[in-house]
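Novice: Take a look at the following structure, please.
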Amino acid sequence: MFLRRPTKEVGTLPQWRLMWRQFRRHRLAMAGAAILIPVYFVAIFAEFFAPMSSSTANTAMTYAPPQVMRFSGEHGPHVYGYTTRRDATTYEQTYTEDPAKVTKVGLFVHGDEYKLLGLIPSDIHLIGPVTKGEPFFLLGSDANGRDLLSRLIHGARVSLSIGLVGVAASFLLGMLIGGISGYFGGAVDNIVQRIIEFLMAIPTLPLWMALSAALPTDWGPLTRYFAITVLLSLIGWTGLARDVRGRFLSLREEDFVTAARLDGVGRLPIIFRHMIPSFASHIIASLSLAIPAMILGETSLSFLGLGLQAPAVSWGVLLEGAQNVRVVANAPWMLAPGIAVVVVVVAMNFFGDGLRDAADPYGNRKVNRRARRRRAA
């Protein structure tokens with residue numbers, strides 16, 4: 001007979017262990033984490049994972065279809081090249097695979113030079129053609145003959161980072177303004193809430209479009225990147241401010257806040273050292289659910305030509321090349337950035353939903369217990 005290994009009581013486990021236990025039970029959240037962690041890792045080291053630079057172009061290979069990786073035969077991993085033919089009437093270029101043209105593919109190959117993280121010079125790529133310059137388009141090419149897979153990987157860094165940076169700025173604004181509104185109450189609360197209601201009443205996308213159109217056209221890609229991030233942050237803080245304000249209204253009358261006030265603790269220390277840590281898990285869950293909105297905002301603006309613009313590379317900028325129905329009909333692989341946006345946003349929503357459930361492990365246990373009792377009855 002096997003003896004069951006003794007375990008700690010749930011009430012004696014530390015908070016982070018309780019949250020992790022609850023998070024693991026959320027299968028969709030675990031699936032979202034399994035998608036997001038590799039995607040962010042690839043985005044951080046985009047230059048290494050991308051087969052080539054985002055600006056490397058082969059003008060003779062515009063809208064080349066995706067190549068199929070093959071592993072059989074004497075060549076090892078390889079792809080077939082193209083034989084092109086241009087219609088004399090419509091000037092449309094068509095591609096057919098040519099088994100006589102073989103492009104050998106290898107791992108850790110030498111290719112376009114880059115600086116990893118902007119610091120370490122290198123020319124090693126995870127995967128790419130053994131002979132530099134040969135056509136290699138696993139996801140096809142765009143209107144300028146640039147590898148779509150490489151541009152998709154490089155664009156992931158911008159699109160995913162703008163969500164994190166924007167949410168960080170929204171977090172500071174939401175915490176500060178919402179905390180002041182909830183802690184002081186009265187006339188201060190009324191003024192802040194009216195401002196929030198005014199901002200929330202304005203349609204988000206038209207407001208983003210108006211603010212983006214007001215940006216100077218001569219700004220460089222980096223300056224425009226930070227400007228778009230600031231614009232998204234200035235509008236995205238209202239929801240978090242409302243949540244923080246509600247929490248502060250309920251916490252300011254609690255015994256631990258009253259005790260800190262009687263001990264002579266100042267207002268700011270009470271807010272940042274006592275009240276905010278008491279619902280930090282809820283804030284983390286709210287932030288994780290706000291990141292997809294930031295990503296969609298940047299994608300929408302760039303798709304409409306009002307956000308980031310070339311030579312900057314983001315998923316929204318890449319989707320701008322798929323606005324023409326004729327292009328999508330002839331080169332459907334141009335919609336790959338849109339599929340990436342959908343997958344990442346859905347994964348982030350699943351991940352945020354799991355964090356929200358894990359933020360209150362005791363409450364969720366009670367709800368689950370009641371549900372089991374109802375089913376048993």
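Naming works like this for the structure tokens: A, B, ... for the chains as they're shown, residue 1 at the start of each chain, ligands 1 onward in shown order.
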Could you list, as a PDB file with C-alpha atoms, in the first residue's frame, every residue within 8 Å of stretch 320-334 of chain A, counting only C-alpha atoms and ignoring same-chain residues fewer than 4 positions away?
Specialist:
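The result, stored in part.pdb:
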ATOM      1  CA  TYR A  63       5.303  38.456 -55.045  1.00  0.00           C
ATOM      2  CA  PRO A  65       5.049  32.323 -53.765  1.00  0.00           C
ATOM      3  CA  PRO A  66       6.179  30.456 -50.631  1.00  0.00           C
ATOM      4  CA  LEU A 139       6.432  32.679 -46.638  1.00  0.00           C
ATOM      5  CA  GLY A 140       6.799  34.258 -50.062  1.00  0.00           C
ATOM      6  CA  ASP A 142       6.310  41.172 -51.073  1.00  0.00           C
ATOM      7  CA  ALA A 143       5.962  43.833 -53.785  1.00  0.00           C
ATOM      8  CA  LEU A 148       7.971  38.145 -45.834  1.00  0.00           C
ATOM      9  CA  SER A 302      -0.266  51.604 -39.386  1.00  0.00           C
ATOM     10  CA  PHE A 303      -2.680  49.726 -41.655  1.00  0.00           C
ATOM     11  CA  LEU A 304      -4.489  53.003 -42.370  1.00  0.00           C
ATOM     12  CA  GLY A 305      -1.181  54.752 -43.068  1.00  0.00           C
ATOM     13  CA  GLY A 316       0.486  46.991 -39.283  1.00  0.00           C
TER      14      GLY A 316
END
Novice: For A:Leu296, find every residue with an atom within 12 Å (counting only C-alpha atoms), except residues of its own chain fewer than 5 positions away, and show them as a tab-separated table (two decimals) with C-alpha atoms, in the first residue's frame.
Specialist:
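The result, stored in around-v3.tsv:
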chain	number	residue	atom	x	y	z
A	159	SER	CA	4.31	45.47	-32.63
A	160	LEU	CA	4.82	43.50	-29.42
A	162	ILE	CA	4.70	48.93	-28.43
A	163	GLY	CA	2.07	47.08	-26.42
A	166	GLY	CA	2.22	51.69	-24.04
A	204	THR	CA	-11.22	55.49	-29.91
A	205	LEU	CA	-10.19	54.85	-33.50
A	208	TRP	CA	-6.26	57.92	-32.66
A	232	LEU	CA	-1.94	55.07	-27.31
A	290	ALA	CA	-4.75	45.82	-21.96
A	291	ILE	CA	-1.72	44.82	-24.05
A	301	LEU	CA	-3.15	53.02	-37.35
A	302	SER	CA	-0.27	51.60	-39.39
A	303	PHE	CA	-2.68	49.73	-41.65
A	307	GLY	CA	0.87	55.08	-37.64
A	314	SER	CA	5.62	46.41	-37.91
A	315	TRP	CA	2.73	44.05	-38.50
A	316	GLY	CA	0.49	46.99	-39.28
A	338	GLY	CA	-2.89	39.56	-39.92
A	340	ALA	CA	0.04	36.66	-36.52
A	341	VAL	CA	-1.92	39.54	-34.94
A	342	VAL	CA	-4.98	37.32	-34.40
A	343	VAL	CA	-2.96	34.48	-32.85
A	344	VAL	CA	-1.00	36.75	-30.49
A	345	VAL	CA	-4.05	38.78	-29.41
A	346	VAL	CA	-6.10	35.64	-28.70
A	348	MET	CA	-2.80	37.31	-24.72
Novice: Tell me, in Å to one decimal, how far atom CA of A:Ala285 is from atom CA of A:Asp353.
Specialist: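 Taking atom CA of A:Ala285 and atom CA of A:Asp353, their separation equals 7.4 Å.
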Novice: Apply DSSP to the backbone of this structure and, from stretch 70-200 of chain A, keep only the residues in strand (DSSP E or B); write these as a PDB file with C-alpha atoms, in the first residue's frame.
Specialist:
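The resulting part.pdb:
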ATOM      1  CA  ARG A  70      12.318  19.509 -48.692  1.00  0.00           C
ATOM      2  CA  HIS A  78      16.689  22.448 -49.648  1.00  0.00           C
ATOM      3  CA  VAL A  79      14.088  24.380 -51.610  1.00  0.00           C
ATOM      4  CA  TYR A  80      13.533  24.574 -55.328  1.00  0.00           C
ATOM      5  CA  GLY A  81      14.117  27.801 -57.214  1.00  0.00           C
ATOM      6  CA  TYR A  82      11.727  29.473 -59.620  1.00  0.00           C
ATOM      7  CA  THR A  83      11.276  29.675 -63.339  1.00  0.00           C
ATOM      8  CA  THR A  84       9.528  32.947 -64.143  1.00  0.00           C
ATOM      9  CA  ARG A  85       7.404  33.886 -67.117  1.00  0.00           C
ATOM     10  CA  ARG A  86       5.826  37.257 -67.828  1.00  0.00           C
ATOM     11  CA  GLN A  93       4.756  37.450 -63.715  1.00  0.00           C
ATOM     12  CA  THR A  94       4.090  33.819 -62.891  1.00  0.00           C
ATOM     13  CA  TYR A  95       6.336  31.425 -60.996  1.00  0.00           C
ATOM     14  CA  THR A  96       6.807  27.672 -61.333  1.00  0.00           C
ATOM     15  CA  GLU A  97       9.089  25.441 -59.302  1.00  0.00           C
ATOM     16  CA  ASP A  98      12.242  24.374 -61.111  1.00  0.00           C
ATOM     17  CA  PRO A  99      13.809  21.171 -59.693  1.00  0.00           C
ATOM     18  CA  ALA A 100      16.961  21.998 -61.617  1.00  0.00           C
ATOM     19  CA  LYS A 101      17.495  25.057 -59.413  1.00  0.00           C
ATOM     20  CA  VAL A 102      18.253  23.864 -55.896  1.00  0.00           C
ATOM     21  CA  THR A 103      18.885  26.188 -52.963  1.00  0.00           C
ATOM     22  CA  LYS A 104      20.546  24.333 -50.098  1.00  0.00           C
ATOM     23  CA  VAL A 105      19.307  25.362 -46.641  1.00  0.00           C
ATOM     24  CA  GLY A 106      21.323  25.154 -43.442  1.00  0.00           C
ATOM     25  CA  LEU A 107      21.304  26.120 -39.796  1.00  0.00           C
ATOM     26  CA  PHE A 108      23.546  28.834 -38.344  1.00  0.00           C
ATOM     27  CA  VAL A 109      24.506  30.087 -41.785  1.00  0.00           C
ATOM     28  CA  HIS A 110      26.295  33.301 -42.707  1.00  0.00           C
ATOM     29  CA  GLY A 111      24.065  35.980 -44.194  1.00  0.00           C
ATOM     30  CA  ASP A 112      23.282  39.679 -43.836  1.00  0.00           C
ATOM     31  CA  GLU A 113      25.292  41.493 -41.203  1.00  0.00           C
ATOM     32  CA  TYR A 114      23.527  42.903 -38.150  1.00  0.00           C
ATOM     33  CA  LYS A 115      24.054  43.954 -34.553  1.00  0.00           C
ATOM     34  CA  LEU A 116      22.289  41.675 -32.098  1.00  0.00           C
ATOM     35  CA  ILE A 120      26.910  42.562 -30.840  1.00  0.00           C
ATOM     36  CA  PRO A 121      27.983  42.501 -34.525  1.00  0.00           C
ATOM     37  CA  SER A 122      27.303  39.213 -36.294  1.00  0.00           C
ATOM     38  CA  ASP A 123      26.137  37.683 -39.564  1.00  0.00           C
ATOM     39  CA  ILE A 124      24.933  34.298 -38.239  1.00  0.00           C
ATOM     40  CA  HIS A 125      21.276  33.423 -38.888  1.00  0.00           C
ATOM     41  CA  LEU A 126      19.405  30.464 -37.449  1.00  0.00           C
ATOM     42  CA  ILE A 127      18.221  29.296 -40.854  1.00  0.00           C
ATOM     43  CA  GLY A 128      18.855  30.453 -44.380  1.00  0.00           C
ATOM     44  CA  PRO A 129      20.384  29.579 -47.736  1.00  0.00           C
ATOM     45  CA  SER A 141       7.962  37.756 -50.947  1.00  0.00           C
ATOM     46  CA  ARG A 146      11.681  41.127 -49.728  1.00  0.00           C
ATOM     47  CA  ASP A 147      11.324  37.954 -47.660  1.00  0.00           C
TER      48      ASP A 147
END
Novice: Would you mind writing down, as a ChimeraX atom specification, each residue of stretch 18-252 of chain A that DSSP on the backbone assigns to alpha helix (DSSP H)?
Specialist: /A:18-24,27-44,46-49,148-184,186-201,204-213,221-236,238-251
Novice: Residues as selected, C-alpha atoms, written as a CSV table (one decimal), in the first residue's frame, can you do that?
Specialist:
chain,number,residue,atom,x,y,z
A,18,LEU,CA,-1.6,29.8,-4.7
A,19,MET,CA,-1.7,32.0,-7.9
A,20,TRP,CA,0.6,29.6,-9.8
A,21,ARG,CA,-1.6,26.6,-8.8
A,22,GLN,CA,-4.7,28.4,-9.9
A,23,PHE,CA,-3.1,29.6,-13.1
A,24,ARG,CA,-2.0,26.0,-14.0
A,27,ARG,CA,-5.6,25.3,-19.7
A,28,LEU,CA,-6.3,28.1,-22.2
A,29,ALA,CA,-4.0,30.4,-20.2
A,30,MET,CA,-1.2,27.8,-20.2
A,31,ALA,CA,-1.7,27.4,-24.0
A,32,GLY,CA,-1.5,31.2,-24.4
A,33,ALA,CA,1.7,31.3,-22.3
A,34,ALA,CA,3.1,28.5,-24.5
A,35,ILE,CA,2.5,30.7,-27.6
A,36,LEU,CA,3.6,34.1,-26.1
A,37,ILE,CA,6.9,33.0,-24.5
A,38,PRO,CA,8.5,31.7,-27.8
A,39,VAL,CA,7.0,34.6,-29.8
A,40,TYR,CA,8.5,37.3,-27.5
A,41,PHE,CA,11.8,35.4,-27.4
A,42,VAL,CA,12.0,35.4,-31.2
A,43,ALA,CA,11.0,39.1,-31.3
A,44,ILE,CA,13.9,40.0,-28.9
A,46,ALA,CA,14.8,39.0,-34.4
A,47,GLU,CA,18.0,39.5,-36.3
A,48,PHE,CA,19.3,36.1,-35.5
A,49,PHE,CA,16.0,34.2,-36.1
A,148,LEU,CA,8.0,38.1,-45.8
A,149,LEU,CA,9.1,35.8,-43.1
A,150,SER,CA,12.1,38.0,-42.2
A,151,ARG,CA,9.9,41.1,-42.2
A,152,LEU,CA,7.3,39.3,-40.1
A,153,ILE,CA,9.9,38.5,-37.5
A,154,HIS,CA,11.4,41.9,-37.5
A,155,GLY,CA,7.9,43.5,-37.3
A,156,ALA,CA,7.1,41.4,-34.2
A,157,ARG,CA,9.6,43.3,-32.2
A,158,VAL,CA,7.9,46.6,-32.9
A,159,SER,CA,4.3,45.5,-32.6
A,160,LEU,CA,4.8,43.5,-29.4
A,161,SER,CA,7.1,46.1,-27.7
A,162,ILE,CA,4.7,48.9,-28.4
A,163,GLY,CA,2.1,47.1,-26.4
A,164,LEU,CA,4.4,46.7,-23.4
A,165,VAL,CA,5.7,50.3,-23.5
A,166,GLY,CA,2.2,51.7,-24.0
A,167,VAL,CA,0.7,49.7,-21.2
A,168,ALA,CA,3.6,50.7,-18.9
A,169,ALA,CA,2.8,54.4,-19.6
A,170,SER,CA,-0.9,53.8,-19.2
A,171,PHE,CA,-0.2,52.0,-15.9
A,172,LEU,CA,1.6,55.0,-14.5
A,173,LEU,CA,-1.2,57.4,-15.5
A,174,GLY,CA,-4.0,55.1,-14.4
A,175,MET,CA,-2.4,54.4,-11.1
A,176,LEU,CA,-1.7,58.0,-10.3
A,177,ILE,CA,-4.9,59.6,-11.5
A,178,GLY,CA,-7.2,56.7,-10.3
A,179,GLY,CA,-5.4,56.6,-7.0
A,180,ILE,CA,-5.8,60.3,-6.4
A,181,SER,CA,-9.5,60.1,-7.4
A,182,GLY,CA,-10.3,57.2,-5.1
A,183,TYR,CA,-8.2,58.2,-2.1
A,184,PHE,CA,-9.3,61.8,-1.8
A,186,GLY,CA,-15.2,64.5,-3.0
A,187,ALA,CA,-14.7,67.3,-5.5
A,188,VAL,CA,-11.4,65.8,-6.8
A,189,ASP,CA,-13.1,62.5,-7.5
A,190,ASN,CA,-16.0,64.3,-9.4
A,191,ILE,CA,-13.6,66.3,-11.6
A,192,VAL,CA,-11.4,63.3,-12.4
A,193,GLN,CA,-14.4,61.0,-13.2
A,194,ARG,CA,-16.0,63.6,-15.5
A,195,ILE,CA,-12.7,63.9,-17.4
A,196,ILE,CA,-12.5,60.1,-17.7
A,197,GLU,CA,-16.1,59.9,-18.9
A,198,PHE,CA,-15.4,62.5,-21.6
A,199,LEU,CA,-12.4,60.7,-22.9
A,200,MET,CA,-14.3,57.3,-22.9
A,201,ALA,CA,-17.2,58.9,-24.8
A,204,THR,CA,-11.2,55.5,-29.9
A,205,LEU,CA,-10.2,54.8,-33.5
A,206,PRO,CA,-11.2,58.3,-34.9
A,207,LEU,CA,-9.4,60.0,-32.0
A,208,TRP,CA,-6.3,57.9,-32.7
A,209,MET,CA,-6.5,58.8,-36.4
A,210,ALA,CA,-6.9,62.5,-35.6
A,211,LEU,CA,-3.9,62.6,-33.2
A,212,SER,CA,-1.7,60.5,-35.5
A,213,ALA,CA,-2.5,62.7,-38.5
A,221,PRO,CA,10.8,56.1,-37.6
A,222,LEU,CA,12.1,56.0,-34.0
A,223,THR,CA,10.5,59.4,-33.2
A,224,ARG,CA,7.2,58.3,-34.7
A,225,TYR,CA,7.4,55.0,-32.8
A,226,PHE,CA,7.6,56.8,-29.4
A,227,ALA,CA,4.9,59.3,-30.5
A,228,ILE,CA,2.5,56.5,-31.4
A,229,THR,CA,3.2,54.9,-28.1
A,230,VAL,CA,2.5,58.1,-26.2
A,231,LEU,CA,-0.7,58.6,-28.1
A,232,LEU,CA,-1.9,55.1,-27.3
A,233,SER,CA,-1.0,55.6,-23.7
A,234,LEU,CA,-2.8,58.9,-23.4
A,235,ILE,CA,-6.1,57.2,-24.3
A,236,GLY,CA,-5.6,53.8,-22.8
A,238,THR,CA,-9.0,55.5,-18.4
A,239,GLY,CA,-10.1,51.9,-17.8
A,240,LEU,CA,-7.3,51.1,-15.4
A,241,ALA,CA,-8.0,54.4,-13.6
A,242,ARG,CA,-11.6,53.4,-13.0
A,243,ASP,CA,-10.5,50.0,-11.6
A,244,VAL,CA,-8.0,51.6,-9.3
A,245,ARG,CA,-10.4,54.3,-8.2
A,246,GLY,CA,-13.0,51.6,-7.2
A,247,ARG,CA,-10.4,49.7,-5.2
A,248,PHE,CA,-9.2,52.8,-3.4
A,249,LEU,CA,-12.7,53.7,-2.4
A,250,SER,CA,-13.2,50.3,-0.8
A,251,LEU,CA,-9.7,50.1,0.8
Novice: Please indicate the distance in Å from atom CA of A:Met61 to atom CA of A:Gln309, rounded to one decimal place.
Specialist: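 Separation of atom CA of A:Met61 and atom CA of A:Gln309: 23.0 Å.
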Novice: Quick one, how far is atom CA of A:Ala312 from atom CA of A:Ser54?
Specialist: 9.5 Å
Novice: Just want the 12 Å neighbourhood of A:Phe256, counted on only C-alpha atoms, with same-chain residues fewer than 5 positions away dropped. Output as a ChimeraX atom specification.
Specialist: /A:251,261-263,265,270-271,273-275,278
